[in-house]
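Undergrad: The file below is target.cif, mmCIF, C-alpha atoms:
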```cif
data_protein
#
loop_
_atom_site.group_PDB
_atom_site.id
_atom_site.type_symbol
_atom_site.label_atom_id
_atom_site.label_comp_id
_atom_site.auth_asym_id
_atom_site.auth_seq_id
_atom_site.Cartn_x
_atom_site.Cartn_y
_atom_site.Cartn_z
ATOM 1 C CA MET Y 1 0.000 0.000 0.000
ATOM 2 C CA ASN Y 2 1.088 3.583 -0.640
ATOM 3 C CA THR Y 3 1.735 5.963 2.236
ATOM 4 C CA PHE Y 4 -1.091 8.205 3.407
ATOM 5 C CA LYS Y 5 -1.947 10.689 6.141
ATOM 6 C CA TYR Y 6 -4.442 9.429 8.722
ATOM 7 C CA PHE Y 7 -7.055 11.491 10.567
ATOM 8 C CA THR Y 8 -9.476 10.398 13.292
ATOM 9 C CA ALA Y 9 -12.547 12.600 12.955
ATOM 10 C CA LYS Y 10 -14.157 13.598 16.252
ATOM 11 C CA THR Y 11 -17.360 14.995 14.704
ATOM 12 C CA VAL Y 12 -19.279 14.813 11.444
ATOM 13 C CA LYS Y 13 -18.443 18.475 10.902
ATOM 14 C CA GLU Y 14 -14.715 17.767 11.224
ATOM 15 C CA ALA Y 15 -14.936 14.840 8.794
ATOM 16 C CA CYS Y 16 -16.765 17.013 6.264
ATOM 17 C CA GLU Y 17 -14.235 19.823 6.618
ATOM 18 C CA LEU Y 18 -11.410 17.372 5.930
ATOM 19 C CA LEU Y 19 -13.255 16.075 2.870
ATOM 20 C CA SER Y 20 -13.776 19.641 1.690
ATOM 21 C CA GLN Y 21 -10.060 20.317 2.119
ATOM 22 C CA TYR Y 22 -8.669 17.182 0.478
ATOM 23 C CA GLY Y 23 -11.445 16.232 -1.953
ATOM 24 C CA GLU Y 24 -10.766 13.301 -4.256
ATOM 25 C CA GLU Y 25 -7.438 12.571 -2.567
ATOM 26 C CA ALA Y 26 -9.285 11.510 0.617
ATOM 27 C CA LYS Y 27 -11.265 8.418 1.532
ATOM 28 C CA ILE Y 28 -13.653 7.815 4.421
ATOM 29 C CA LEU Y 29 -12.838 4.793 6.598
ATOM 30 C CA GLY Y 30 -15.722 3.130 8.446
ATOM 31 C CA GLY Y 31 -15.232 -0.538 9.242
ATOM 32 C CA GLY Y 32 -12.563 -0.880 6.564
ATOM 33 C CA GLN Y 33 -13.903 -4.176 5.214
ATOM 34 C CA SER Y 34 -14.040 -2.788 1.680
ATOM 35 C CA LEU Y 35 -11.546 0.087 1.581
ATOM 36 C CA VAL Y 36 -8.609 -1.725 3.171
ATOM 37 C CA ASN Y 37 -8.946 -4.653 0.755
ATOM 38 C CA LEU Y 38 -8.990 -2.282 -2.215
ATOM 39 C CA MET Y 39 -5.876 -0.565 -0.893
ATOM 40 C CA LYS Y 40 -4.096 -3.896 -0.391
ATOM 41 C CA GLN Y 41 -4.820 -4.755 -4.021
ATOM 42 C CA ASN Y 42 -3.525 -1.339 -5.143
ATOM 43 C CA LEU Y 43 -6.892 -0.495 -6.681
ATOM 44 C CA VAL Y 44 -7.223 2.803 -4.807
ATOM 45 C CA TYR Y 45 -4.461 5.146 -3.634
ATOM 46 C CA PRO Y 46 -5.825 7.674 -1.122
ATOM 47 C CA SER Y 47 -3.391 10.265 0.163
ATOM 48 C CA TYR Y 48 -5.619 10.940 3.171
ATOM 49 C CA ILE Y 49 -7.705 8.574 5.298
ATOM 50 C CA ILE Y 50 -10.500 10.015 7.440
ATOM 51 C CA ASP Y 51 -11.568 7.511 10.103
ATOM 52 C CA ILE Y 52 -15.197 7.943 11.235
ATOM 53 C CA LYS Y 53 -15.620 4.594 12.988
ATOM 54 C CA ASP Y 54 -15.877 6.156 16.460
ATOM 55 C CA LEU Y 55 -18.428 8.850 15.577
ATOM 56 C CA SER Y 56 -21.160 8.090 18.106
ATOM 57 C CA ASP Y 57 -23.481 10.552 16.317
ATOM 58 C CA LEU Y 58 -23.679 8.079 13.424
ATOM 59 C CA ASP Y 59 -23.956 4.924 15.541
ATOM 60 C CA TYR Y 60 -27.678 4.306 16.054
ATOM 61 C CA ILE Y 61 -30.797 2.437 14.961
ATOM 62 C CA ARG Y 62 -34.067 4.273 15.643
ATOM 63 C CA TYR Y 63 -37.610 3.251 14.811
ATOM 64 C CA ASP Y 64 -40.807 5.302 14.866
ATOM 65 C CA LYS Y 65 -44.212 4.139 13.635
ATOM 66 C CA LYS Y 66 -44.761 7.345 11.656
ATOM 67 C CA ASP Y 67 -41.236 8.027 10.459
ATOM 68 C CA GLY Y 68 -39.945 4.498 9.919
ATOM 69 C CA LEU Y 69 -36.404 3.213 10.480
ATOM 70 C CA ARG Y 70 -33.272 5.361 10.622
ATOM 71 C CA ILE Y 71 -29.805 3.798 10.694
ATOM 72 C CA GLY Y 72 -26.614 5.746 11.324
ATOM 73 C CA ALA Y 73 -23.881 5.155 8.775
ATOM 74 C CA VAL Y 74 -21.361 3.584 11.166
ATOM 75 C CA SER Y 75 -23.868 1.099 12.589
ATOM 76 C CA THR Y 76 -22.542 -2.382 11.949
ATOM 77 C CA HIS Y 77 -24.252 -5.156 10.037
ATOM 78 C CA ARG Y 78 -24.415 -7.117 13.282
ATOM 79 C CA MET Y 79 -26.316 -4.280 14.957
ATOM 80 C CA VAL Y 80 -28.902 -4.363 12.172
ATOM 81 C CA GLU Y 81 -29.098 -8.154 12.293
ATOM 82 C CA THR Y 82 -29.801 -8.261 16.036
ATOM 83 C CA SER Y 83 -31.973 -5.122 16.344
ATOM 84 C CA GLU Y 84 -35.432 -5.946 17.689
ATOM 85 C CA ALA Y 85 -36.889 -2.954 15.822
ATOM 86 C CA VAL Y 86 -35.510 -4.302 12.547
ATOM 87 C CA LYS Y 87 -36.610 -7.879 13.197
ATOM 88 C CA GLU Y 88 -40.149 -6.827 14.114
ATOM 89 C CA ASN Y 89 -40.761 -4.241 11.386
ATOM 90 C CA PHE Y 90 -38.393 -5.055 8.509
ATOM 91 C CA THR Y 91 -37.939 -8.811 8.730
ATOM 92 C CA MET Y 92 -36.304 -9.217 5.327
ATOM 93 C CA LEU Y 93 -33.503 -6.825 6.318
ATOM 94 C CA ALA Y 94 -32.611 -8.807 9.453
ATOM 95 C CA GLU Y 95 -32.823 -12.083 7.509
ATOM 96 C CA MET Y 96 -30.536 -10.748 4.793
ATOM 97 C CA GLU Y 97 -27.930 -9.654 7.327
ATOM 98 C CA ARG Y 98 -27.627 -13.217 8.631
ATOM 99 C CA THR Y 99 -26.379 -14.315 5.198
ATOM 100 C CA LEU Y 100 -23.930 -11.443 4.712
ATOM 101 C CA ALA Y 101 -20.324 -12.676 4.918
ATOM 102 C CA SER Y 102 -19.135 -13.969 8.298
ATOM 103 C CA VAL Y 103 -20.015 -12.904 11.832
ATOM 104 C CA ALA Y 104 -16.561 -11.339 12.105
ATOM 105 C CA VAL Y 105 -17.228 -9.158 9.060
ATOM 106 C CA ARG Y 106 -20.724 -8.255 10.284
ATOM 107 C CA ASN Y 107 -19.307 -7.272 13.679
ATOM 108 C CA TRP Y 108 -16.954 -4.750 12.082
ATOM 109 C CA GLY Y 109 -18.349 -3.760 8.690
ATOM 110 C CA THR Y 110 -20.631 -0.707 8.590
ATOM 111 C CA VAL Y 111 -23.831 -0.276 6.603
ATOM 112 C CA GLY Y 112 -22.737 3.131 5.325
ATOM 113 C CA GLY Y 113 -19.429 1.757 4.113
ATOM 114 C CA SER Y 114 -21.138 -1.128 2.370
ATOM 115 C CA LEU Y 115 -23.449 1.181 0.425
ATOM 116 C CA ALA Y 116 -20.663 3.637 -0.448
ATOM 117 C CA HIS Y 117 -18.589 0.713 -1.788
ATOM 118 C CA ALA Y 118 -21.372 0.143 -4.364
ATOM 119 C CA ASP Y 119 -20.700 -3.493 -5.175
ATOM 120 C CA PRO Y 120 -23.537 -4.603 -7.515
ATOM 121 C CA ALA Y 121 -23.506 -7.981 -5.715
ATOM 122 C CA SER Y 122 -24.221 -6.317 -2.361
ATOM 123 C CA ASP Y 123 -26.907 -8.046 -0.304
ATOM 124 C CA LEU Y 124 -27.592 -4.819 1.580
ATOM 125 C CA ALA Y 125 -28.000 -2.600 -1.471
ATOM 126 C CA ALA Y 126 -30.635 -4.775 -3.165
ATOM 127 C CA THR Y 127 -32.580 -5.227 0.069
ATOM 128 C CA LEU Y 128 -32.622 -1.534 0.954
ATOM 129 C CA MET Y 129 -33.633 -0.574 -2.594
ATOM 130 C CA ALA Y 130 -36.588 -2.957 -2.355
ATOM 131 C CA LEU Y 131 -37.543 -1.298 0.933
ATOM 132 C CA GLY Y 132 -37.561 2.127 -0.722
ATOM 133 C CA ALA Y 133 -34.649 3.429 1.337
ATOM 134 C CA ARG Y 134 -33.113 6.867 1.033
ATOM 135 C CA VAL Y 135 -29.666 8.023 2.143
ATOM 136 C CA THR Y 136 -28.527 11.318 3.609
ATOM 137 C CA LEU Y 137 -25.336 12.716 2.068
ATOM 138 C CA THR Y 138 -23.610 15.375 4.160
ATOM 139 C CA ARG Y 139 -20.944 17.982 3.452
ATOM 140 C CA SER Y 140 -19.788 21.205 5.070
ATOM 141 C CA GLN Y 141 -22.380 23.318 3.235
ATOM 142 C CA GLY Y 142 -25.338 21.124 4.202
ATOM 143 C CA GLU Y 143 -26.950 17.832 3.289
ATOM 144 C CA ARG Y 144 -29.185 16.229 0.674
ATOM 145 C CA VAL Y 145 -31.375 13.145 0.648
ATOM 146 C CA VAL Y 146 -31.095 10.743 -2.285
ATOM 147 C CA SER Y 147 -33.130 7.667 -3.162
ATOM 148 C CA LEU Y 148 -31.033 4.517 -3.485
ATOM 149 C CA ASP Y 149 -32.465 4.237 -7.001
ATOM 150 C CA ASP Y 150 -30.414 7.347 -7.833
ATOM 151 C CA PHE Y 151 -27.477 6.708 -5.497
ATOM 152 C CA PHE Y 152 -25.863 3.851 -7.428
ATOM 153 C CA VAL Y 153 -24.355 5.035 -10.716
ATOM 154 C CA ASP Y 154 -22.121 2.246 -12.062
ATOM 155 C CA TYR Y 155 -19.783 -0.509 -10.933
ATOM 156 C CA PHE Y 156 -18.423 0.695 -7.566
ATOM 157 C CA GLU Y 157 -19.575 4.256 -8.322
ATOM 158 C CA THR Y 158 -22.166 6.335 -6.484
ATOM 159 C CA ALA Y 159 -23.675 9.820 -6.554
ATOM 160 C CA LEU Y 160 -21.431 10.874 -3.653
ATOM 161 C CA ARG Y 161 -19.480 14.027 -4.388
ATOM 162 C CA SER Y 162 -15.828 14.249 -3.396
ATOM 163 C CA ASP Y 163 -16.676 16.455 -0.394
ATOM 164 C CA GLU Y 164 -19.660 14.374 0.821
ATOM 165 C CA MET Y 165 -20.081 11.456 3.186
ATOM 166 C CA LEU Y 166 -23.022 9.123 3.706
ATOM 167 C CA THR Y 167 -24.422 9.739 7.187
ATOM 168 C CA GLU Y 168 -27.828 8.027 7.434
ATOM 169 C CA ILE Y 169 -30.146 5.450 5.860
ATOM 170 C CA HIS Y 170 -33.904 6.001 6.158
ATOM 171 C CA ILE Y 171 -36.548 3.339 5.446
ATOM 172 C CA PRO Y 172 -40.094 4.745 5.500
ATOM 173 C CA ASN Y 173 -43.056 2.796 6.853
ATOM 174 C CA SER Y 174 -45.357 1.526 4.126
ATOM 175 C CA GLY Y 175 -48.651 0.203 5.507
ATOM 176 C CA ARG Y 176 -49.542 -3.412 4.790
ATOM 177 C CA GLY Y 177 -46.203 -4.323 3.286
ATOM 178 C CA ASN Y 178 -43.703 -7.133 3.618
ATOM 179 C CA GLY Y 179 -40.879 -8.609 1.620
ATOM 180 C CA PHE Y 180 -38.345 -11.322 1.037
ATOM 181 C CA TYR Y 181 -34.687 -11.495 0.000
ATOM 182 C CA TYR Y 182 -33.439 -14.544 -1.867
ATOM 183 C CA LYS Y 183 -29.755 -15.079 -2.609
ATOM 184 C CA PHE Y 184 -28.262 -17.811 -4.768
ATOM 185 C CA ALA Y 185 -24.586 -18.317 -3.929
ATOM 186 C CA GLN Y 186 -22.002 -21.069 -3.754
ATOM 187 C CA ARG Y 187 -22.226 -20.767 0.022
ATOM 188 C CA GLU Y 188 -24.877 -18.817 1.896
ATOM 189 C CA THR Y 189 -22.406 -16.200 3.129
ATOM 190 C CA ASP Y 190 -20.627 -15.732 -0.235
ATOM 191 C CA LEU Y 191 -21.364 -12.894 -2.621
ATOM 192 C CA ALA Y 192 -24.453 -13.639 -4.660
ATOM 193 C CA VAL Y 193 -24.300 -15.239 -8.082
ATOM 194 C CA VAL Y 194 -27.803 -13.774 -8.426
ATOM 195 C CA SER Y 195 -30.013 -12.200 -5.779
ATOM 196 C CA VAL Y 196 -33.556 -10.859 -5.715
ATOM 197 C CA ALA Y 197 -35.271 -8.621 -3.173
ATOM 198 C CA VAL Y 198 -39.025 -8.070 -3.367
ATOM 199 C CA TYR Y 199 -41.135 -5.770 -1.227
ATOM 200 C CA LEU Y 200 -44.907 -5.845 -1.769
ATOM 201 C CA ILE Y 201 -47.593 -3.552 -0.356
ATOM 202 C CA LEU Y 202 -51.230 -4.645 -0.333
ATOM 203 C CA GLY Y 203 -54.181 -2.263 -0.408
ATOM 204 C CA PRO Y 204 -55.909 -1.558 2.912
ATOM 205 C CA ASP Y 205 -59.259 -3.027 1.854
ATOM 206 C CA ASP Y 206 -58.379 -5.904 -0.458
ATOM 207 C CA GLN Y 207 -55.922 -8.545 0.665
ATOM 208 C CA ASP Y 208 -55.222 -9.666 -2.891
ATOM 209 C CA LEU Y 209 -54.748 -6.267 -4.520
ATOM 210 C CA CYS Y 210 -51.159 -5.129 -5.043
ATOM 211 C CA GLN Y 211 -50.879 -1.449 -4.195
ATOM 212 C CA ASP Y 212 -47.144 -1.235 -4.853
ATOM 213 C CA ILE Y 213 -44.188 -3.553 -5.393
ATOM 214 C CA ARG Y 214 -40.442 -3.292 -5.842
ATOM 215 C CA ILE Y 215 -38.492 -6.048 -7.585
ATOM 216 C CA VAL Y 216 -34.725 -5.569 -7.257
ATOM 217 C CA MET Y 217 -32.088 -7.837 -8.807
ATOM 218 C CA GLY Y 218 -28.473 -8.038 -7.626
ATOM 219 C CA SER Y 219 -25.332 -9.272 -9.428
ATOM 220 C CA VAL Y 220 -26.940 -8.957 -12.866
ATOM 221 C CA GLY Y 221 -25.867 -5.451 -13.829
ATOM 222 C CA SER Y 222 -23.489 -2.614 -13.017
ATOM 223 C CA THR Y 223 -25.813 -1.636 -10.144
ATOM 224 C CA PRO Y 224 -28.739 -3.331 -8.403
ATOM 225 C CA LEU Y 225 -31.531 -3.276 -10.992
ATOM 226 C CA ARG Y 226 -35.270 -2.831 -10.649
ATOM 227 C CA SER Y 227 -37.627 -4.672 -12.983
ATOM 228 C CA ARG Y 228 -39.936 -1.768 -13.744
ATOM 229 C CA ARG Y 229 -41.967 -3.788 -16.236
ATOM 230 C CA GLY Y 230 -42.508 -6.586 -13.745
ATOM 231 C CA GLU Y 231 -43.554 -4.066 -11.112
ATOM 232 C CA ASP Y 232 -45.957 -2.235 -13.438
ATOM 233 C CA LEU Y 233 -47.562 -5.519 -14.460
ATOM 234 C CA LEU Y 234 -48.490 -6.348 -10.853
ATOM 235 C CA LYS Y 235 -49.461 -2.918 -9.502
ATOM 236 C CA GLY Y 236 -53.196 -2.551 -9.009
ATOM 237 C CA GLN Y 237 -53.797 -6.205 -9.759
ATOM 238 C CA ALA Y 238 -54.995 -9.197 -7.782
ATOM 239 C CA ILE Y 239 -51.829 -11.263 -7.885
ATOM 240 C CA THR Y 240 -52.247 -14.673 -9.459
ATOM 241 C CA GLY Y 241 -49.854 -17.452 -10.380
ATOM 242 C CA PRO Y 242 -49.828 -16.588 -14.116
ATOM 243 C CA LEU Y 243 -49.172 -12.898 -13.336
ATOM 244 C CA ILE Y 244 -46.271 -13.836 -11.071
ATOM 245 C CA GLU Y 245 -44.739 -16.001 -13.792
ATOM 246 C CA GLU Y 246 -45.101 -13.228 -16.356
ATOM 247 C CA ALA Y 247 -43.471 -10.715 -13.982
ATOM 248 C CA ALA Y 248 -40.644 -13.195 -13.396
ATOM 249 C CA ARG Y 249 -40.183 -13.616 -17.155
ATOM 250 C CA MET Y 250 -40.048 -9.836 -17.625
ATOM 251 C CA SER Y 251 -37.538 -9.517 -14.783
ATOM 252 C CA ALA Y 252 -35.276 -12.097 -16.417
ATOM 253 C CA GLU Y 253 -35.419 -10.057 -19.634
ATOM 254 C CA ASP Y 254 -34.701 -6.818 -17.742
ATOM 255 C CA ALA Y 255 -31.595 -8.285 -16.089
ATOM 256 C CA GLN Y 256 -28.202 -7.448 -17.610
ATOM 257 C CA PRO Y 257 -25.982 -10.384 -16.591
ATOM 258 C CA THR Y 258 -22.626 -11.281 -18.087
ATOM 259 C CA THR Y 259 -20.995 -14.667 -18.480
ATOM 260 C CA ASP Y 260 -18.275 -15.290 -15.906
ATOM 261 C CA ILE Y 261 -16.872 -18.002 -13.663
ATOM 262 C CA ASN Y 262 -20.233 -18.308 -11.885
ATOM 263 C CA GLY Y 263 -22.207 -19.149 -15.010
ATOM 264 C CA SER Y 264 -23.453 -18.051 -18.397
ATOM 265 C CA GLU Y 265 -25.701 -15.101 -19.129
ATOM 266 C CA GLN Y 266 -28.634 -17.414 -19.841
ATOM 267 C CA TYR Y 267 -28.040 -19.390 -16.639
ATOM 268 C CA LYS Y 268 -28.262 -16.181 -14.617
ATOM 269 C CA ARG Y 269 -31.429 -15.087 -16.409
ATOM 270 C CA ASP Y 270 -32.964 -18.457 -15.563
ATOM 271 C CA LEU Y 271 -31.973 -17.908 -11.927
ATOM 272 C CA VAL Y 272 -33.587 -14.472 -11.943
ATOM 273 C CA HIS Y 273 -36.817 -15.987 -13.236
ATOM 274 C CA VAL Y 274 -36.909 -18.609 -10.485
ATOM 275 C CA LEU Y 275 -35.887 -16.276 -7.657
ATOM 276 C CA VAL Y 276 -38.319 -13.511 -8.625
ATOM 277 C CA SER Y 277 -41.200 -15.982 -8.762
ATOM 278 C CA ARG Y 278 -40.340 -17.453 -5.359
ATOM 279 C CA SER Y 279 -39.716 -14.054 -3.764
ATOM 280 C CA ILE Y 280 -43.009 -12.541 -4.954
ATOM 281 C CA LYS Y 281 -44.925 -15.530 -3.609
ATOM 282 C CA LYS Y 282 -43.147 -15.286 -0.249
ATOM 283 C CA ALA Y 283 -43.625 -11.512 -0.023
ATOM 284 C CA LEU Y 284 -47.310 -11.868 -0.885
ATOM 285 C CA SER Y 285 -47.795 -14.520 1.778
ATOM 286 C CA ARG Y 286 -46.131 -12.335 4.402
ATOM 287 C CA ALA Y 287 -47.952 -9.146 3.402
ATOM 288 C CA SER Y 288 -51.296 -10.977 3.604
ATOM 289 C CA MET Y 289 -50.599 -11.665 7.285
ATOM 290 C CA THR Y 290 -49.525 -8.073 8.073
#
```
Translate the structure of the given file into structure tokens.
TA:
Amino acid sequence: MNTFKYFTAKTVKEACELLSQYGEEAKILGGGQSLVNLMKQNLVYPSYIIDIKDLSDLDYIRYDKKDGLRIGAVSTHRMVETSEAVKENFTMLAEMERTLASVAVRNWGTVGGSLAHADPASDLAATLMALGARVTLTRSQGERVVSLDDFFVDYFETALRSDEMLTEIHIPNSGRGNGFYYKFAQRETDLAVVSVAVYLILGPDDQDLCQDIRIVMGSVGSTPLRSRRGEDLLKGQAITGPLIEEAARMSAEDAQPTTDINGSEQYKRDLVHVLVSRSIKKALSRASMT
């Protein structure tokens, strides 16, 4: 690794001021599970490291029935996994965390760092997109809130500006909704060959009517991808088996996989079809009991 200057930020304001001063030459360090590995492989060469791991202002999980769930950027995956508020109100998020890497990684890796890393195979990214999450991006001059749909730009690229840091994730409450995350991997805790996250909201008066749905596919594009056509097909409809299969077929067409060591493009499209079908059925079953 190249040499660099190391700062331990005491406040969010201090971290932002350092980012403003050093810009693209600086990198934020949370848990280090992504950044340190990239540095070891000589893929990134920061001249300045700004450590925010000990910022207590960003270390929280808060739930409110009106506002929803708010997670500070340096909260660890393990905190999310074991949070009673998460398990009770956003079951698919807690379930996903149990399959993310090892316990050692989950004990140290941060949710903010994971999202900022922008790996298209990220379990967290696909799940949070399905949940309609937004992120707060902060800099010295203020902050802005961005939907995760707009946050991911390309392979390992986000909408973060050089003087911004991710400070919070917000998941709004959504009525009679529930979801499911399904990952296909060589081992459960490996990165996904293909993953699918589905969150489905039923209308207040009709158990079978789909008010809204998000279908998000991981590892089949440069970012987590939504199947807009599959979603539009199901919205406002009483969900039936044939409709689910058609949405799954559309999702497989919307995917953008490439052939690699994990399988061919067609193999991955077939996986998308199967996982979307299973995930919609599971999400529908759960939402019906909400």
Undergrad: State, in Å with one decimal place, the distance from atom CA of Y:Leu128 to atom CA of Y:Gly177.
TA: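 Computing it gives 14.1 Å between the two atoms.
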Undergrad: Atom CA of Y:Met92 and atom CA of Y:Glu245, how far apart in Å?
TA: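 Computing the Euclidean distance for atom CA of Y:Glu245 and atom CA of Y:Met92 yields 22.0 Å.
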Undergrad: Quick one, how far is atom CA of Y:Ser288 from atom CA of Y:Tyr181?
TA: 17.0 Å
Undergrad: Skipping near chain neighbours, those fewer than 2 positions away, what residues fall within 9 Å of Y:Ser75 using all atoms listed in the file, listed as a PyMOL selection string?
TA: chain Y and resi 53+58-61+71-73+77-80+109-112
Undergrad: Just checking: using only C-alpha atoms, which residue out of Y:Gln211, Y:Asn178, Y:Thr259, Y:Thr91 ends up closest to Y:Gly236?
TA: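 The shortest atom-to-atom distance to Y:Gly236 comes from Y:Gln211.
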Undergrad: Taking (-46.1, -11.3, 6.9) in the file's coordinates as the center, which residues reach within 10 Å of it, counting all atoms listed in the file, put as JSON, numbers by chain?
TA: {"Y": [89, 91, 176, 177, 178, 179, 180, 282, 283, 284, 285, 286, 287, 288, 289, 290]}
Undergrad: Run the PyMOL selection byres ((chain Y and resi 49) around 12) against the file shown and list the residues it catches, as a PDB file with C-alpha atoms, in the coordinates of the input.
TA:
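Everything below was put into part-v9.pdb:
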```pdb
ATOM      1  CA  ASN Y   2       1.088   3.583  -0.640  1.00  0.00           C
ATOM      2  CA  THR Y   3       1.735   5.963   2.236  1.00  0.00           C
ATOM      3  CA  PHE Y   4      -1.091   8.205   3.407  1.00  0.00           C
ATOM      4  CA  LYS Y   5      -1.947  10.689   6.141  1.00  0.00           C
ATOM      5  CA  TYR Y   6      -4.442   9.429   8.722  1.00  0.00           C
ATOM      6  CA  PHE Y   7      -7.055  11.491  10.567  1.00  0.00           C
ATOM      7  CA  THR Y   8      -9.476  10.398  13.292  1.00  0.00           C
ATOM      8  CA  ALA Y   9     -12.547  12.600  12.955  1.00  0.00           C
ATOM      9  CA  ALA Y  15     -14.936  14.840   8.794  1.00  0.00           C
ATOM     10  CA  LEU Y  18     -11.410  17.372   5.930  1.00  0.00           C
ATOM     11  CA  LEU Y  19     -13.255  16.075   2.870  1.00  0.00           C
ATOM     12  CA  TYR Y  22      -8.669  17.182   0.478  1.00  0.00           C
ATOM     13  CA  GLY Y  23     -11.445  16.232  -1.953  1.00  0.00           C
ATOM     14  CA  GLU Y  24     -10.766  13.301  -4.256  1.00  0.00           C
ATOM     15  CA  GLU Y  25      -7.438  12.571  -2.567  1.00  0.00           C
ATOM     16  CA  ALA Y  26      -9.285  11.510   0.617  1.00  0.00           C
ATOM     17  CA  LYS Y  27     -11.265   8.418   1.532  1.00  0.00           C
ATOM     18  CA  ILE Y  28     -13.653   7.815   4.421  1.00  0.00           C
ATOM     19  CA  LEU Y  29     -12.838   4.793   6.598  1.00  0.00           C
ATOM     20  CA  GLY Y  30     -15.722   3.130   8.446  1.00  0.00           C
ATOM     21  CA  GLY Y  32     -12.563  -0.880   6.564  1.00  0.00           C
ATOM     22  CA  LEU Y  35     -11.546   0.087   1.581  1.00  0.00           C
ATOM     23  CA  VAL Y  36      -8.609  -1.725   3.171  1.00  0.00           C
ATOM     24  CA  MET Y  39      -5.876  -0.565  -0.893  1.00  0.00           C
ATOM     25  CA  VAL Y  44      -7.223   2.803  -4.807  1.00  0.00           C
ATOM     26  CA  TYR Y  45      -4.461   5.146  -3.634  1.00  0.00           C
ATOM     27  CA  PRO Y  46      -5.825   7.674  -1.122  1.00  0.00           C
ATOM     28  CA  SER Y  47      -3.391  10.265   0.163  1.00  0.00           C
ATOM     29  CA  TYR Y  48      -5.619  10.940   3.171  1.00  0.00           C
ATOM     30  CA  ILE Y  50     -10.500  10.015   7.440  1.00  0.00           C
ATOM     31  CA  ASP Y  51     -11.568   7.511  10.103  1.00  0.00           C
ATOM     32  CA  ILE Y  52     -15.197   7.943  11.235  1.00  0.00           C
ATOM     33  CA  LYS Y  53     -15.620   4.594  12.988  1.00  0.00           C
TER      34      LYS Y  53
END
```
Undergrad: Compare Y:Val12, Y:Leu225, Y:Leu43, Y:Val105 by their minimum atom-to-atom distance to Y:Gly31, counting only C-alpha atoms, and give me the closest one.
TA: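 Ranked by minimum distance to Y:Gly31, first place goes to Y:Val105.
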Undergrad: Show me, as an NGL selection string, the residues that have an atom within 9 Å of Y:Thr99 when counting all atoms listed in the file, minus same-chain residues fewer than 2 positions from it.
TA: :Y and (95-97 or 101-102 or 123 or 183 or 188-190)
Undergrad: Pick out the residues sitting within 7 Å of Y:Cys16, and hand them over as a PyMOL selection string; count all atoms listed in the file, and ignore anything fewer than 2 positions along from it in its own chain.
TA: chain Y and resi 12-14+18-20+139-140+163-164
Undergrad: Tell me, as a PDB file with C-alpha atoms, in the coordinates of the input, which residues lie within 10 Å of Y:Thr158, counting only C-alpha atoms; anything in the same chain fewer than 4 positions away does not count.
TA:
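And here is the file that came out, part.pdb:
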```
ATOM      1  CA  LEU Y 115     -23.449   1.181   0.425  1.00  0.00           C
ATOM      2  CA  ALA Y 116     -20.663   3.637  -0.448  1.00  0.00           C
ATOM      3  CA  HIS Y 117     -18.589   0.713  -1.788  1.00  0.00           C
ATOM      4  CA  ALA Y 118     -21.372   0.143  -4.364  1.00  0.00           C
ATOM      5  CA  LEU Y 148     -31.033   4.517  -3.485  1.00  0.00           C
ATOM      6  CA  ASP Y 150     -30.414   7.347  -7.833  1.00  0.00           C
ATOM      7  CA  PHE Y 151     -27.477   6.708  -5.497  1.00  0.00           C
ATOM      8  CA  PHE Y 152     -25.863   3.851  -7.428  1.00  0.00           C
ATOM      9  CA  VAL Y 153     -24.355   5.035 -10.716  1.00  0.00           C
ATOM     10  CA  ASP Y 154     -22.121   2.246 -12.062  1.00  0.00           C
ATOM     11  CA  THR Y 223     -25.813  -1.636 -10.144  1.00  0.00           C
TER      12      THR Y 223
END
```
Undergrad: Which of these residues is nearest to Y:Phe156, using only C-alpha atoms: Y:Thr136, Y:Ser227, Y:Asn42, Y:Ser34?
TA: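 The answer is Y:Ser34, which sits nearest to Y:Phe156.
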Undergrad: Hey, which of Y:Leu200, Y:Leu69, Y:Ala192, Y:Ile280 ends up closest to Y:Val135? Count only C-alpha atoms.
TA: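 Of the candidates, the smallest distance to Y:Val135 is held by Y:Leu69.
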Undergrad: Taking 2 positions as the minimum chain separation for residues in the same chain, which residues sit within 6 Å of Y:Ser219 when counting all atoms listed in the file? Answer as a list in words.
TA: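 Counting only the stated atoms, we get Pro120, Ala121, Val194 and Gly221 of chain Y.
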